[in-house]
Amino acid sequence: MSKTANSLRAFLDTAPSAALVEVTEAKGSTPREKGAWMLVSPERIFGTIGGGQLEYMAIDAARAMLKVGNSPLEEEMPAERTEGVTSGHSAQGALSPGAMTRPGGFADTLPSRESVKLDIPLGPEIGQCCGGRVEVAVRPVDATVAAELVASAAMSDAALPQVLVFGGGHVGHALASAFALLPLNVVVVETRADALEGMPVDIDTRLTAMPEEMVREAPAGSAYVVLTHDHALDFLIVAEALKRCDSGYVGMIGSKTKKATFKSWFLKTAGGTEQQFERLVCPIGGEAVKDKRPAVIAALAAAEIMTALATSAA
């Protein structure tokens with residue numbers, strides 16, 4: 001589900017006037033990387049470039065731009081926040097008024113409209129201690145830019161890692177809620193229709209009598225989290241996932257006893273190998289925290305899975 005694209009479209013539909021703010025250069029220690037972006041309307045914002053005084057200055061600049069159109073920003077911005085703000089047309093080394101790096105990481109030529117650049121040192125001058133330096137480009141959003149932003153967001157959504165959660169019980173629901181906040185494409189797979197009721201709106205669901213087929217059809221790099229109501233079904237799904245050499249994560253809820261039982265079955269009956277078995281994470285979420293409440297397990301497992309996916313993609 002293209003949750004970022006959908007949220008972005010909803011924001012733009014209710015914000016006929018908005019400005020695009022993007023980090024075009026990030027040197028040293030900075031809150032966000034080059035390419036990070038946000039949208040600013042007179043009343044709301046969408047996204048973030050890192051928060052703090054850096055973001056407040058960018059919001060001031062964007063709203064001043066929306067207020068005065070192509071007038072010089074320095075006349076409208078508060079005096080204490082004008083340091084480092086230059087016009088895209090006049091400042092040496094400033095952003096060219098027809099070109100900027102767009103969200104999604106590609107360069108493009110936009111219709112010629114006024115833009116500004118903020119060159120901001122992240123030090124005591126603005127009350128931050130990151131120590132780096134950030135250049136931020138600000139420009140109005142027109143219909144063409146809005147459409148391209150949504151298309152770029154949809155492409156980024158489609159490229160997000162996929163996580164398949166097998167089982168919609170208490171932990172499955174808690175995991176779905178945790179994953180709904182993360183940049184992931186998540187599918188909860190179940191054999192029972194009632195177990196899929198009440199899932200978060202940004203989570204896809206799949207009702208199937210043969211959940212192991214979802215493993216075979218998943219894209220390379222996917223994560224598989226197995227916690228069904230049936231241990232035999234868990235074993236079947238995990239075996240399929242372990243036999244894929246391109247999985248980003250394979251985890252099964254359970255105890256040391258369950259893991260040992262699965263190992264014996266996997267090696268003796270399912271045709272698995274020791275090398276494949278070593279990739280299994282069980283129990284999910286680690287053993288450092290003994291709290292077995294579903295929300296706690298979900299929080300620990302979500303962090304574990306995000307780490308595994310980031311490592312496998314590196």
# chains A, B, ... in the order shown; residues from 1 in each chain; ligands from 1

call {"tool": "residues_around", "arguments": {"residues": "A:Thr273", "least_positions_apart": "6", "cutoff": "10 Å", "atoms": "only C-alpha atoms", "output": "ChimeraX atom specification"}}
result
/A:242-243,263,266-267

call {"tool": "select_by_dssp", "arguments": {"residues": "stretch 229-274 of chain A", "states": "alpha helix (DSSP H)", "output": "PyMOL selection string"}}
result
chain A and resi 231-242+256-268+274

call {"tool": "atom_distance", "arguments": {"atom1": "atom CA of A:Val141", "atom2": "atom CA of A:Ile45"}}
result
13.2 Å

call {"tool": "residues_around", "arguments": {"residues": "A:Thr208", "least_positions_apart": "2", "cutoff": "7 Å", "atoms": "only C-alpha atoms", "output": "list in words"}}
result
Glu190, Thr191, Arg206, Met210 and Pro211 of chain A

call {"tool": "write_last_selection", "arguments": {"atoms": "C-alpha atoms", "output": "short mmCIF file (atom, residue, chain, number, x, y, z; two decimals), in the first residue's frame"}}
result
data_model
loop_
_atom_site.label_atom_id
_atom_site.label_comp_id
_atom_site.auth_asym_id
_atom_site.auth_seq_id
_atom_site.Cartn_x
_atom_site.Cartn_y
_atom_site.Cartn_z
CA GLU A 190 -3.97 -15.53 7.84
CA THR A 191 -6.04 -18.66 7.31
CA ARG A 206 -4.25 -11.70 2.79
CA MET A 210 -1.95 -22.00 1.90
CA PRO A 211 0.12 -19.24 3.51
#

call {"tool": "closest_residue", "arguments": {"among": "A:Pro283, A:Gly172, A:Gly248, A:Pro294", "to": "A:Met306", "atoms": "only C-alpha atoms"}}
result
A:Gly248

call {"tool": "residues_around", "arguments": {"residues": "stretch 2-13 of chain A", "least_positions_apart": "5", "cutoff": "12 Å", "atoms": "only C-alpha atoms", "output": "count of residues only"}}
result
44

call {"tool": "closest_residue", "arguments": {"among": "A:Pro16, A:Ser115, A:Val188, A:Val138", "to": "A:Ala58", "atoms": "only C-alpha atoms"}}
result
A:Val138

call {"tool": "residues_around", "arguments": {"residues": "A:Ala303", "least_positions_apart": "5", "cutoff": "10 Å", "atoms": "only C-alpha atoms", "output": "number ranges by chain"}}
result
A: 178-179, 285, 298, 308

call {"tool": "atom_distance", "arguments": {"atom1": "atom CA of A:Val136", "atom2": "atom CA of A:Leu118"}}
result
5.0 Å

call {"tool": "residues_around", "arguments": {"residues": "A:Val189", "least_positions_apart": "5", "cutoff": "8 Å", "atoms": "only C-alpha atoms", "output": "MDAnalysis selection string"}}
result
chainID A and resid 164:168 205:208 211

call {"tool": "closest_residue", "arguments": {"among": "A:Arg279, A:Lys290, A:His231, A:Arg63", "to": "A:Phe262", "atoms": "only C-alpha atoms"}}
result
A:His231

call {"tool": "residues_around", "arguments": {"residues": "stretch 22-26 of chain A", "least_positions_apart": "6", "cutoff": "6 Å", "atoms": "only C-alpha atoms", "output": "mmCIF file with C-alpha atoms, in the first residue's frame"}}
result
data_model
loop_
_atom_site.group_PDB
_atom_site.id
_atom_site.type_symbol
_atom_site.label_atom_id
_atom_site.label_comp_id
_atom_site.auth_asym_id
_atom_site.auth_seq_id
_atom_site.Cartn_x
_atom_site.Cartn_y
_atom_site.Cartn_z
ATOM 1 C CA LYS A 34 20.833 15.288 1.602
ATOM 2 C CA GLY A 35 17.501 14.798 -0.166
ATOM 3 C CA ALA A 36 15.366 14.936 2.992
ATOM 4 C CA TRP A 37 12.306 17.083 2.366
ATOM 5 C CA VAL A 134 23.003 22.414 5.950
ATOM 6 C CA GLU A 135 21.836 24.023 2.739
ATOM 7 C CA VAL A 136 18.083 24.054 2.277
ATOM 8 C CA ALA A 137 16.218 24.973 -0.900
#

call {"tool": "closest_residue", "arguments": {"among": "A:Ala176, A:Ile284, A:Val250, A:Val163", "to": "A:Leu196", "atoms": "only C-alpha atoms"}}
result
A:Ala176

call {"tool": "closest_residue", "arguments": {"among": "A:Pro140, A:Gly123, A:Gly221, A:Gly272", "to": "A:Ala61", "atoms": "only C-alpha atoms"}}
result
A:Pro140

call {"tool": "closest_residue", "arguments": {"among": "A:Glu304, A:Gly251, A:Ala295, A:Lys117", "to": "A:Glu278", "atoms": "only C-alpha atoms"}}
result
A:Gly251

call {"tool": "atom_distance", "arguments": {"atom1": "atom CA of A:Pro161", "atom2": "atom CA of A:Ala193"}}
result
25.4 Å

call {"tool": "select_by_dssp", "arguments": {"residues": "stretch 93-310 of chain A", "states": "strand (DSSP E)", "output": "number ranges by chain"}}
result
A: 99-102, 106-109, 116-121, 133-140, 162-166, 185-190, 204-207, 223-226, 249-252, 280-281
